[in-house]
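A.B. asks: Take a look at this one; I'll ask things after.
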Amino acid sequence: MAVKKAMETLEFDFGSDVLRSSSADGLDLVAELLMQNHNWRLKLSGHTDNVSSLKYNMNLSKKRVESIKKYLIKKGVAPNQIVLKWYGPTKPIAPNDTEAGRQKNRRVEFLIIE
């Protein structure tokens, strides 16, 4: 539930790795969950749409997952509990030919590894 809330409320400024304040509640729940379960790890996978260059989007997806990791560490999560992956536009879940599809592709996926 905490991970789902974090994914649903996660927001960044457009084209940026700056977390919006609306993301805090969900990320705080994930931090609590990880601190209560020290043997768990969190895999963060960053994705983008295909607007802009591949290099730009790969870097943006990397910077976004790094931003989330920094946030969680500040909340007390051990750095070794967080695994980062970034894919840019290479793993879309929707067509990139509409705004709605591009919006779905701009995401960070959270996966708890026990």
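Simple scheme: letters A, B, ... for chains in structure tokens order, numbers from 1 for residues in each chain, numbers from 1 for ligands in the order shown.
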Write out as a ChimeraX atom specification the set of residues from chain A that DSSP, computed on the backbone, places in helix (DSSP H, G or I).
C.D. replies: /A:2-9,21-36,54-74,79-81,99-105
A.B. asks: What does the distance between atom CA of Arg107 of chain A and atom CA of Gly46 of chain A come to in Å, to one decimal place?
C.D. replies: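 Atom CA of Gly46 of chain A lies at a distance of 6.3 Å from atom CA of Arg107 of chain A.
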A.B. asks: Which neighbours of segment 1-5 of chain A fall inside 7 Å, counting only C-alpha atoms, when residues of the same chain fewer than 2 positions from it are skipped, and could you give them as a tab-separated table (two decimals) with N, CA, C and O atoms, in the first residue's frame?
C.D. replies:
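Below is the file that was written, out.tsv:
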chain	number	residue	atom	x	y	z
A	7	MET	N	4.09	5.66	-5.62
A	7	MET	CA	4.12	5.71	-7.08
A	7	MET	C	3.01	6.61	-7.62
A	7	MET	O	3.22	7.34	-8.59
A	8	GLU	N	1.85	6.57	-7.00
A	8	GLU	CA	0.72	7.37	-7.48
A	8	GLU	C	0.87	8.85	-7.19
A	8	GLU	O	0.35	9.69	-7.92
A	9	THR	N	1.57	9.20	-6.12
A	9	THR	CA	1.68	10.62	-5.74
A	9	THR	C	3.02	11.24	-6.13
A	9	THR	O	3.24	12.42	-5.89
A	26	GLY	N	3.84	9.96	0.36
A	26	GLY	CA	4.04	8.62	-0.15
A	26	GLY	C	5.46	8.13	0.09
A	26	GLY	O	5.69	6.98	0.50
A	29	LEU	N	6.09	7.16	3.71
A	29	LEU	CA	5.56	5.83	4.03
A	29	LEU	C	6.54	4.74	3.58
A	29	LEU	O	6.76	3.76	4.30
A	30	VAL	N	7.12	4.90	2.40
A	30	VAL	CA	8.09	3.93	1.91
A	30	VAL	C	9.32	3.92	2.82
A	30	VAL	O	9.85	2.85	3.15
A	110	PHE	N	8.53	1.37	-8.40
A	110	PHE	CA	9.07	0.93	-7.11
A	110	PHE	C	8.84	-0.57	-6.99
A	110	PHE	O	7.74	-1.04	-7.23
A.B. asks: For Ala94 of chain A, which residue out of A:Ser16, A:Ser67, A:Thr48, A:Asn80 is the nearest one, using only C-alpha atoms?
C.D. replies: A:Thr48
A.B. asks: To one decimal place in Å, what is the distance between atom CA of Glu114 of chain A and atom CA of Asp28 of chain A?
C.D. replies: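 Atom CA of Asp28 of chain A lies 19.2 Å from atom CA of Glu114 of chain A.
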A.B. asks: For Lys91 of chain A, which of A:Met35, A:Gly15, A:Asn59, A:Val108 is the closest residue, counting only C-alpha atoms?
C.D. replies: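 Among the listed residues, the smallest separation from Lys91 of chain A belongs to A:Val108.
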A.B. asks: Determine, counting only C-alpha atoms, which protein, DNA and RNA residues have an atom within 12 Å of an atom of Gly76 of chain A; residues of the same chain fewer than 2 positions away are not included. Present the result as a PDB file with all heavy atoms, in the first residue's frame.
C.D. replies:
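Below is the file around23.pdb, written as the result:
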ATOM      1  N   LEU A  27       6.429   8.996  -0.157  1.00  0.00           N
ATOM      2  CA  LEU A  27       7.829   8.612   0.049  1.00  0.00           C
ATOM      3  C   LEU A  27       8.142   8.399   1.518  1.00  0.00           C
ATOM      4  O   LEU A  27       8.922   7.507   1.872  1.00  0.00           O
ATOM      5  CB  LEU A  27       8.768   9.660  -0.552  1.00  0.00           C
ATOM      6  CG  LEU A  27       8.775   9.737  -2.081  1.00  0.00           C
ATOM      7  CD1 LEU A  27       9.648  10.890  -2.542  1.00  0.00           C
ATOM      8  CD2 LEU A  27       9.228   8.419  -2.698  1.00  0.00           C
ATOM      9  N   ASP A  28       7.508   9.177   2.382  1.00  0.00           N
ATOM     10  CA  ASP A  28       7.704   8.986   3.825  1.00  0.00           C
ATOM     11  C   ASP A  28       7.205   7.610   4.268  1.00  0.00           C
ATOM     12  O   ASP A  28       7.829   6.949   5.108  1.00  0.00           O
ATOM     13  CB  ASP A  28       7.004  10.087   4.619  1.00  0.00           C
ATOM     14  CG  ASP A  28       7.680  11.442   4.470  1.00  0.00           C
ATOM     15  OD1 ASP A  28       8.796  11.521   3.907  1.00  0.00           O
ATOM     16  OD2 ASP A  28       7.069  12.440   4.912  1.00  0.00           O
ATOM     17  N   LEU A  29       6.090   7.159   3.706  1.00  0.00           N
ATOM     18  CA  LEU A  29       5.564   5.827   4.032  1.00  0.00           C
ATOM     19  C   LEU A  29       6.539   4.739   3.581  1.00  0.00           C
ATOM     20  O   LEU A  29       6.763   3.759   4.297  1.00  0.00           O
ATOM     21  CB  LEU A  29       4.199   5.611   3.375  1.00  0.00           C
ATOM     22  CG  LEU A  29       3.037   6.417   3.944  1.00  0.00           C
ATOM     23  CD1 LEU A  29       1.795   6.255   3.078  1.00  0.00           C
ATOM     24  CD2 LEU A  29       2.734   5.985   5.378  1.00  0.00           C
ATOM     25  N   VAL A  30       7.116   4.897   2.404  1.00  0.00           N
ATOM     26  CA  VAL A  30       8.093   3.930   1.909  1.00  0.00           C
ATOM     27  C   VAL A  30       9.324   3.920   2.820  1.00  0.00           C
ATOM     28  O   VAL A  30       9.850   2.854   3.152  1.00  0.00           O
ATOM     29  CB  VAL A  30       8.489   4.245   0.447  1.00  0.00           C
ATOM     30  CG1 VAL A  30       9.662   3.396  -0.006  1.00  0.00           C
ATOM     31  CG2 VAL A  30       7.298   4.034  -0.488  1.00  0.00           C
ATOM     32  N   ALA A  31       9.785   5.086   3.229  1.00  0.00           N
ATOM     33  CA  ALA A  31      10.939   5.171   4.132  1.00  0.00           C
ATOM     34  C   ALA A  31      10.653   4.425   5.426  1.00  0.00           C
ATOM     35  O   ALA A  31      11.494   3.644   5.899  1.00  0.00           O
ATOM     36  CB  ALA A  31      11.287   6.633   4.414  1.00  0.00           C
ATOM     37  N   GLU A  32       9.487   4.631   6.007  1.00  0.00           N
ATOM     38  CA  GLU A  32       9.111   3.934   7.243  1.00  0.00           C
ATOM     39  C   GLU A  32       9.113   2.425   7.043  1.00  0.00           C
ATOM     40  O   GLU A  32       9.624   1.673   7.887  1.00  0.00           O
ATOM     41  CB  GLU A  32       7.729   4.392   7.716  1.00  0.00           C
ATOM     42  CG  GLU A  32       7.684   5.796   8.269  1.00  0.00           C
ATOM     43  CD  GLU A  32       6.267   6.223   8.635  1.00  0.00           C
ATOM     44  OE1 GLU A  32       5.452   5.356   9.023  1.00  0.00           O
ATOM     45  OE2 GLU A  32       5.983   7.427   8.527  1.00  0.00           O
ATOM     46  N   LEU A  33       8.563   1.985   5.939  1.00  0.00           N
ATOM     47  CA  LEU A  33       8.487   0.558   5.636  1.00  0.00           C
ATOM     48  C   LEU A  33       9.883  -0.049   5.532  1.00  0.00           C
ATOM     49  O   LEU A  33      10.161  -1.111   6.100  1.00  0.00           O
ATOM     50  CB  LEU A  33       7.720   0.365   4.317  1.00  0.00           C
ATOM     51  CG  LEU A  33       7.410  -1.034   3.870  1.00  0.00           C
ATOM     52  CD1 LEU A  33       6.448  -1.706   4.844  1.00  0.00           C
ATOM     53  CD2 LEU A  33       6.794  -1.014   2.477  1.00  0.00           C
ATOM     54  N   LEU A  34      10.782   0.631   4.849  1.00  0.00           N
ATOM     55  CA  LEU A  34      12.141   0.122   4.701  1.00  0.00           C
ATOM     56  C   LEU A  34      12.903   0.143   6.021  1.00  0.00           C
ATOM     57  O   LEU A  34      13.691  -0.776   6.304  1.00  0.00           O
ATOM     58  CB  LEU A  34      12.897   0.927   3.639  1.00  0.00           C
ATOM     59  CG  LEU A  34      12.427   0.702   2.199  1.00  0.00           C
ATOM     60  CD1 LEU A  34      13.044   1.731   1.271  1.00  0.00           C
ATOM     61  CD2 LEU A  34      12.749  -0.717   1.737  1.00  0.00           C
ATOM     62  N   MET A  35      12.681   1.150   6.843  1.00  0.00           N
ATOM     63  CA  MET A  35      13.375   1.208   8.134  1.00  0.00           C
ATOM     64  C   MET A  35      12.861   0.142   9.096  1.00  0.00           C
ATOM     65  O   MET A  35      13.605  -0.310   9.968  1.00  0.00           O
ATOM     66  CB  MET A  35      13.252   2.607   8.731  1.00  0.00           C
ATOM     67  CG  MET A  35      14.097   3.617   7.968  1.00  0.00           C
ATOM     68  SD  MET A  35      14.166   5.254   8.699  1.00  0.00           S
ATOM     69  CE  MET A  35      12.478   5.772   8.670  1.00  0.00           C
ATOM     70  N   GLN A  36      11.628  -0.288   8.931  1.00  0.00           N
ATOM     71  CA  GLN A  36      11.079  -1.353   9.770  1.00  0.00           C
ATOM     72  C   GLN A  36      11.510  -2.730   9.280  1.00  0.00           C
ATOM     73  O   GLN A  36      11.401  -3.709  10.005  1.00  0.00           O
ATOM     74  CB  GLN A  36       9.552  -1.274   9.779  1.00  0.00           C
ATOM     75  CG  GLN A  36       9.004  -0.064  10.490  1.00  0.00           C
ATOM     76  CD  GLN A  36       7.512   0.128  10.275  1.00  0.00           C
ATOM     77  OE1 GLN A  36       6.846  -0.676   9.624  1.00  0.00           O
ATOM     78  NE2 GLN A  36       6.983   1.220  10.805  1.00  0.00           N
ATOM     79  N   HIS A  38      14.752  -4.011   7.634  1.00  0.00           N
ATOM     80  CA  HIS A  38      16.119  -3.746   7.198  1.00  0.00           C
ATOM     81  C   HIS A  38      16.644  -4.728   6.165  1.00  0.00           C
ATOM     82  O   HIS A  38      17.606  -4.425   5.457  1.00  0.00           O
ATOM     83  CB  HIS A  38      17.067  -3.706   8.403  1.00  0.00           C
ATOM     84  CG  HIS A  38      16.743  -2.607   9.355  1.00  0.00           C
ATOM     85  ND1 HIS A  38      17.047  -1.297   9.101  1.00  0.00           N
ATOM     86  CD2 HIS A  38      16.099  -2.615  10.557  1.00  0.00           C
ATOM     87  CE1 HIS A  38      16.623  -0.543  10.096  1.00  0.00           C
ATOM     88  NE2 HIS A  38      16.043  -1.320  10.999  1.00  0.00           N
ATOM     89  N   LYS A  69      16.328   8.521  -4.091  1.00  0.00           N
ATOM     90  CA  LYS A  69      17.245   7.851  -3.162  1.00  0.00           C
ATOM     91  C   LYS A  69      17.754   8.836  -2.112  1.00  0.00           C
ATOM     92  O   LYS A  69      17.756   8.522  -0.917  1.00  0.00           O
ATOM     93  CB  LYS A  69      18.417   7.234  -3.923  1.00  0.00           C
ATOM     94  CG  LYS A  69      19.387   6.494  -3.013  1.00  0.00           C
ATOM     95  CD  LYS A  69      20.491   5.812  -3.789  1.00  0.00           C
ATOM     96  CE  LYS A  69      21.420   5.060  -2.829  1.00  0.00           C
ATOM     97  NZ  LYS A  69      22.441   4.285  -3.561  1.00  0.00           N
ATOM     98  N   LYS A  70      18.162  10.025  -2.544  1.00  0.00           N
ATOM     99  CA  LYS A  70      18.635  11.042  -1.595  1.00  0.00           C
ATOM    100  C   LYS A  70      17.556  11.379  -0.574  1.00  0.00           C
ATOM    101  O   LYS A  70      17.842  11.516   0.614  1.00  0.00           O
ATOM    102  CB  LYS A  70      19.041  12.319  -2.338  1.00  0.00           C
ATOM    103  CG  LYS A  70      20.338  12.217  -3.064  1.00  0.00           C
ATOM    104  CD  LYS A  70      20.645  13.540  -3.765  1.00  0.00           C
ATOM    105  CE  LYS A  70      21.671  13.355  -4.859  1.00  0.00           C
ATOM    106  NZ  LYS A  70      21.820  14.529  -5.697  1.00  0.00           N
ATOM    107  N   TYR A  71      16.326  11.506  -1.038  1.00  0.00           N
ATOM    108  CA  TYR A  71      15.213  11.822  -0.141  1.00  0.00           C
ATOM    109  C   TYR A  71      15.066  10.715   0.911  1.00  0.00           C
ATOM    110  O   TYR A  71      14.942  10.997   2.114  1.00  0.00           O
ATOM    111  CB  TYR A  71      13.917  11.992  -0.935  1.00  0.00           C
ATOM    112  CG  TYR A  71      12.738  12.351  -0.079  1.00  0.00           C
ATOM    113  CD1 TYR A  71      12.385  13.680   0.124  1.00  0.00           C
ATOM    114  CD2 TYR A  71      11.974  11.379   0.559  1.00  0.00           C
ATOM    115  CE1 TYR A  71      11.309  14.026   0.935  1.00  0.00           C
ATOM    116  CE2 TYR A  71      10.901  11.714   1.374  1.00  0.00           C
ATOM    117  CZ  TYR A  71      10.572  13.035   1.548  1.00  0.00           C
ATOM    118  OH  TYR A  71       9.502  13.366   2.359  1.00  0.00           O
ATOM    119  N   LEU A  72      15.044   9.465   0.461  1.00  0.00           N
ATOM    120  CA  LEU A  72      14.846   8.341   1.386  1.00  0.00           C
ATOM    121  C   LEU A  72      15.999   8.212   2.375  1.00  0.00           C
ATOM    122  O   LEU A  72      15.781   7.911   3.548  1.00  0.00           O
ATOM    123  CB  LEU A  72      14.654   7.044   0.588  1.00  0.00           C
ATOM    124  CG  LEU A  72      13.373   6.971  -0.258  1.00  0.00           C
ATOM    125  CD1 LEU A  72      13.382   5.720  -1.133  1.00  0.00           C
ATOM    126  CD2 LEU A  72      12.123   7.010   0.609  1.00  0.00           C
ATOM    127  N   ILE A  73      17.226   8.460   1.939  1.00  0.00           N
ATOM    128  CA  ILE A  73      18.378   8.406   2.840  1.00  0.00           C
ATOM    129  C   ILE A  73      18.258   9.494   3.908  1.00  0.00           C
ATOM    130  O   ILE A  73      18.532   9.248   5.085  1.00  0.00           O
ATOM    131  CB  ILE A  73      19.696   8.513   2.045  1.00  0.00           C
ATOM    132  CG1 ILE A  73      19.911   7.233   1.248  1.00  0.00           C
ATOM    133  CG2 ILE A  73      20.878   8.783   2.968  1.00  0.00           C
ATOM    134  CD1 ILE A  73      21.044   7.313   0.234  1.00  0.00           C
ATOM    135  N   LYS A  74      17.825  10.675   3.516  1.00  0.00           N
ATOM    136  CA  LYS A  74      17.630  11.757   4.496  1.00  0.00           C
ATOM    137  C   LYS A  74      16.579  11.383   5.532  1.00  0.00           C
ATOM    138  O   LYS A  74      16.625  11.858   6.667  1.00  0.00           O
ATOM    139  CB  LYS A  74      17.205  13.053   3.792  1.00  0.00           C
ATOM    140  CG  LYS A  74      18.342  13.763   3.121  1.00  0.00           C
ATOM    141  CD  LYS A  74      17.873  15.070   2.520  1.00  0.00           C
ATOM    142  CE  LYS A  74      19.003  15.760   1.790  1.00  0.00           C
ATOM    143  NZ  LYS A  74      18.583  17.017   1.155  1.00  0.00           N
ATOM    144  N   ALA A  78      18.821   3.124   4.919  1.00  0.00           N
ATOM    145  CA  ALA A  78      20.220   2.782   4.640  1.00  0.00           C
ATOM    146  C   ALA A  78      20.454   2.812   3.121  1.00  0.00           C
ATOM    147  O   ALA A  78      19.653   2.255   2.364  1.00  0.00           O
ATOM    148  CB  ALA A  78      20.545   1.399   5.191  1.00  0.00           C
ATOM    149  N   PRO A  79      21.531   3.446   2.677  1.00  0.00           N
ATOM    150  CA  PRO A  79      21.810   3.533   1.238  1.00  0.00           C
ATOM    151  C   PRO A  79      21.840   2.188   0.525  1.00  0.00           C
ATOM    152  O   PRO A  79      21.415   2.083  -0.626  1.00  0.00           O
ATOM    153  CB  PRO A  79      23.186   4.205   1.178  1.00  0.00           C
ATOM    154  CG  PRO A  79      23.283   4.976   2.447  1.00  0.00           C
ATOM    155  CD  PRO A  79      22.533   4.165   3.469  1.00  0.00           C
ATOM    156  N   ASN A  80      22.321   1.137   1.219  1.00  0.00           N
ATOM    157  CA  ASN A  80      22.407  -0.174   0.570  1.00  0.00           C
ATOM    158  C   ASN A  80      21.048  -0.856   0.403  1.00  0.00           C
ATOM    159  O   ASN A  80      20.970  -1.924  -0.190  1.00  0.00           O
ATOM    160  CB  ASN A  80      23.389  -1.087   1.323  1.00  0.00           C
ATOM    161  CG  ASN A  80      22.911  -1.444   2.707  1.00  0.00           C
ATOM    162  OD1 ASN A  80      21.985  -0.838   3.253  1.00  0.00           O
ATOM    163  ND2 ASN A  80      23.548  -2.436   3.302  1.00  0.00           N
ATOM    164  N   GLN A  81      19.987  -0.241   0.906  1.00  0.00           N
ATOM    165  CA  GLN A  81      18.645  -0.789   0.718  1.00  0.00           C
ATOM    166  C   GLN A  81      18.013  -0.295  -0.582  1.00  0.00           C
ATOM    167  O   GLN A  81      16.914  -0.727  -0.923  1.00  0.00           O
ATOM    168  CB  GLN A  81      17.725  -0.389   1.877  1.00  0.00           C
ATOM    169  CG  GLN A  81      17.934  -1.179   3.140  1.00  0.00           C
ATOM    170  CD  GLN A  81      16.909  -0.804   4.185  1.00  0.00           C
ATOM    171  OE1 GLN A  81      17.103   0.129   4.945  1.00  0.00           O
ATOM    172  NE2 GLN A  81      15.806  -1.530   4.200  1.00  0.00           N
ATOM    173  N   ILE A  82      18.686   0.573  -1.296  1.00  0.00           N
ATOM    174  CA  ILE A  82      18.088   1.183  -2.484  1.00  0.00           C
ATOM    175  C   ILE A  82      18.939   0.857  -3.710  1.00  0.00           C
ATOM    176  O   ILE A  82      20.132   1.146  -3.750  1.00  0.00           O
ATOM    177  CB  ILE A  82      17.953   2.699  -2.314  1.00  0.00           C
ATOM    178  CG1 ILE A  82      17.169   3.015  -1.041  1.00  0.00           C
ATOM    179  CG2 ILE A  82      17.262   3.311  -3.537  1.00  0.00           C
ATOM    180  CD1 ILE A  82      17.228   4.477  -0.623  1.00  0.00           C
TER     181      ILE A  82
END
A.B. asks: Just checking: using only C-alpha atoms, which residue out of A:Arg106, A:Trp40, A:Pro95, A:Tyr56 ends up closest to Asp13 of chain A?
C.D. replies: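 Closest candidate: A:Arg106.
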A.B. asks: What is the atom CA of Ile113 of chain A-atom CA of Ala6 of chain A distance in Å, reported with one decimal?
C.D. replies: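 Here the two named atoms are 16.1 Å from each other.
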A.B. asks: Near Ile93 of chain A, within 9 Å and counting only C-alpha atoms, which residues show up once chain neighbours fewer than 5 positions away are dropped, as a PyMOL selection string?
C.D. replies: chain A and resi 101+104-105
